[in-house]
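Engineer: Before anything else, here's the structure in question.
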Amino acid sequence: MNETLEAWTPRALSLLRIVAGLLILQHGMAKLIGFPAVPAFANVQPISMLGLAGVLELVGGALLVLGLFTRPVAFILSGEMAVAYFMAHATKGFFPLLNGGTLAIMYCFAFLYLSTAGAGPWSLDAAMKKA
Amino acid sequence: MDKINKTLAAGEPIVLSIFRIMTGLLLFQFGVAKLLKFPAVPMFEKVEVLSLFGVAAMFELVFGGLLILGLFSRLAAFILCGEMAVAYFIGHFPKGFIPLLNGGNLAILFCFSCLFLTCAGGGPWSLDAMMRGKR
């Protein structure tokens, strides 16, 4: 049982990377392109704190989905999420469930793990290594 | 680039355990809030033990706790993965297709993180690893 699961770990890693990348890409798109339209992000300027976060999420998210330069990209996004948590959520209270920061923490640690584990087999990184 | 990759890759096993512990803690939080009412979340004020929410809370409390400890990590993560998939489709999906708008981002991320942990196991900082070491 454990061996079967172990054998699937690299593929599950790629799956986690793609899904986490797609989710963070959403935040970037909502902030910069305005799709999907989120009322809280309606007036985000590109040159502002939120705009900069949007650029990181848009570019970093896309690179994560593709699995290109996964480790450094995931590391940067992990840092971005840590900053986001402490700037936007930690100031509202200690408990993540109440300050709304659960998602930011989860992103932060998922990306931290991806930065150490890499992209897995389903990625451009892996395709380039073979070539 | 190779040097950066190598430096980052060196931390992999320990970061896996840290990731497991954080995932467990965050899920545990939801179980504690729903059943023990701490921290007090207005939305979870009226959760009965024997209801869909209550059963979800028990899963989160018990298996979230096991994930934190790293005991039966694979089994716990597998059950939580399923729970989060159900939560997404019952709680969020009916509100719309895009996760950012239906509020289901967190459920999706939990679901796939737990799926990964099911495959990867608990890492070196876990009771699973300690028990294996003794045998």
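Residues are referred to by chain and number: the chain letter is A, B, ... according to the order shown in the structure tokens, the number counts from 1 in that chain, and ligands are numbered separately from 1 in the order shown.
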Within 7 Å of Val65 in chain A, counting only C-alpha atoms, which residues show up once you throw out same-chain ones fewer than 5 positions away? Write them as a list in words, please.
Structural biologist: Arg17, Ile18, Gly21 and Leu22 of chain A
Engineer: Write out, as a PDB file, in the first residue's frame, the residues just selected, with N, CA and C atoms.
Structural biologist:
ATOM      1  N   ARG A  17       1.326  21.175  -7.721  1.00  0.00           N
ATOM      2  CA  ARG A  17       1.945  22.379  -8.289  1.00  0.00           C
ATOM      3  C   ARG A  17       1.001  23.058  -9.288  1.00  0.00           C
ATOM      4  N   ILE A  18       0.387  22.251 -10.173  1.00  0.00           N
ATOM      5  CA  ILE A  18      -0.502  22.821 -11.182  1.00  0.00           C
ATOM      6  C   ILE A  18      -1.716  23.469 -10.533  1.00  0.00           C
ATOM      7  N   GLY A  21      -0.734  26.574  -8.635  1.00  0.00           N
ATOM      8  CA  GLY A  21      -0.433  27.612  -9.617  1.00  0.00           C
ATOM      9  C   GLY A  21      -1.687  28.225 -10.207  1.00  0.00           C
ATOM     10  N   LEU A  22      -2.668  27.371 -10.560  1.00  0.00           N
ATOM     11  CA  LEU A  22      -3.924  27.883 -11.118  1.00  0.00           C
ATOM     12  C   LEU A  22      -4.649  28.759 -10.105  1.00  0.00           C
TER      13      LEU A  22
END
Engineer: When the cut-off is 7 Å and we count only C-alpha atoms, which residues of chain B are near chain A, given as a list of chain:residue names?
Structural biologist: B:Asn5, B:Leu8, B:Ala9, B:Gly11, B:Glu12, B:Val15, B:Leu16, B:Phe19, B:Thr23, B:Leu26, B:Val41, B:Leu100, B:Asn105, B:Leu106, B:Leu109, B:Phe112, B:Ser113, B:Phe116, B:Cys119, B:Ala120
Engineer: Take the residues that were just selected and, keeping N, CA and C atoms, output them as a short mmCIF file (atom, residue, chain, number, x, y, z; two decimals), in the first residue's frame.
Structural biologist:
data_model
loop_
_atom_site.label_atom_id
_atom_site.label_comp_id
_atom_site.auth_asym_id
_atom_site.auth_seq_id
_atom_site.Cartn_x
_atom_site.Cartn_y
_atom_site.Cartn_z
N ASN B 5 18.73 25.81 -7.20
CA ASN B 5 17.91 24.61 -7.10
C ASN B 5 18.46 23.64 -6.07
N LEU B 8 17.85 24.88 -2.49
CA LEU B 8 16.46 24.72 -2.08
C LEU B 8 16.12 23.25 -1.87
N ALA B 9 16.66 22.38 -2.73
CA ALA B 9 16.30 20.96 -2.66
C ALA B 9 16.81 20.31 -1.38
N GLY B 11 16.50 21.14 1.60
CA GLY B 11 15.57 21.18 2.74
C GLY B 11 14.35 20.31 2.59
N GLU B 12 14.26 19.57 1.49
CA GLU B 12 12.98 18.92 1.13
C GLU B 12 12.33 18.07 2.22
N VAL B 15 11.03 20.23 5.16
CA VAL B 15 9.93 21.12 4.77
C VAL B 15 8.66 20.32 4.53
N LEU B 16 8.78 19.08 4.07
CA LEU B 16 7.59 18.23 3.93
C LEU B 16 6.89 18.08 5.28
N PHE B 19 5.27 21.37 6.25
CA PHE B 19 4.06 21.53 5.44
C PHE B 19 2.92 20.68 6.00
N THR B 23 -0.55 22.19 7.54
CA THR B 23 -1.83 21.76 6.98
C THR B 23 -2.71 21.19 8.09
N LEU B 26 -4.00 24.00 10.47
CA LEU B 26 -5.05 24.84 9.88
C LEU B 26 -6.38 24.09 9.80
N VAL B 41 -16.35 31.55 16.13
CA VAL B 41 -16.66 32.04 14.79
C VAL B 41 -18.17 32.13 14.68
N LEU B 100 -12.40 31.59 -6.99
CA LEU B 100 -12.15 32.88 -6.34
C LEU B 100 -13.46 33.53 -5.93
N ASN B 105 -11.38 28.42 -2.81
CA ASN B 105 -9.92 28.30 -2.97
C ASN B 105 -9.28 27.44 -1.89
N LEU B 106 -9.65 27.75 -0.65
CA LEU B 106 -9.03 27.07 0.48
C LEU B 106 -9.34 25.58 0.47
N LEU B 109 -7.23 23.90 -2.18
CA LEU B 109 -5.82 23.80 -1.80
C LEU B 109 -5.64 22.73 -0.72
N PHE B 112 -5.93 19.18 -2.48
CA PHE B 112 -4.76 18.71 -3.22
C PHE B 112 -3.53 18.57 -2.34
N SER B 113 -3.42 19.41 -1.30
CA SER B 113 -2.31 19.24 -0.36
C SER B 113 -2.42 17.90 0.35
N PHE B 116 -1.54 15.09 -1.89
CA PHE B 116 -0.10 14.94 -1.99
C PHE B 116 0.47 14.28 -0.74
N CYS B 119 0.27 10.59 -0.61
CA CYS B 119 1.31 9.89 -1.35
C CYS B 119 2.67 10.03 -0.67
N ALA B 120 2.98 11.23 -0.19
CA ALA B 120 4.34 11.49 0.29
C ALA B 120 4.56 11.02 1.72
#
Engineer: Name all residues at most 12 Å from Pro42 in chain B (count only C-alpha atoms; drop same-chain ones fewer than 4 positions away) and give them as a PyMOL selection string.
Structural biologist: (chain A and resi 97-98) or (chain B and resi 33-34+37-38+46-47)
Engineer: Using only C-alpha atoms, which protein or nucleic acid residues come within 10 Å of Phe72 in chain B? Drop anything in the same chain fewer than 5 positions from it, and give the result as a list in words.
Structural biologist: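 With the cut-off at 10 Å, the set is Phe63, Leu66, Leu67, Ala77, Thr118, Gly121, Gly122, Ser126, Leu127 and Asp128 of chain B.
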Engineer: Would you list the contacts of Ala88 in chain A as a PyMOL selection string, taking every protein, DNA or RNA residue within 12 Å and counting only C-alpha atoms, but skipping same-chain residues closer than 2 positions in sequence?
Structural biologist: chain A and resi 49-50+80-86+90-93+96+99-102+104-105
Engineer: Find the residues near Gly65 in chain B: any atom within 12 Å, counting only C-alpha atoms, skip ones fewer than 5 places away on the same chain, and give them as a ChimeraX atom specification.
Structural biologist: /B:20-32,57-60,70-73,76-77,80
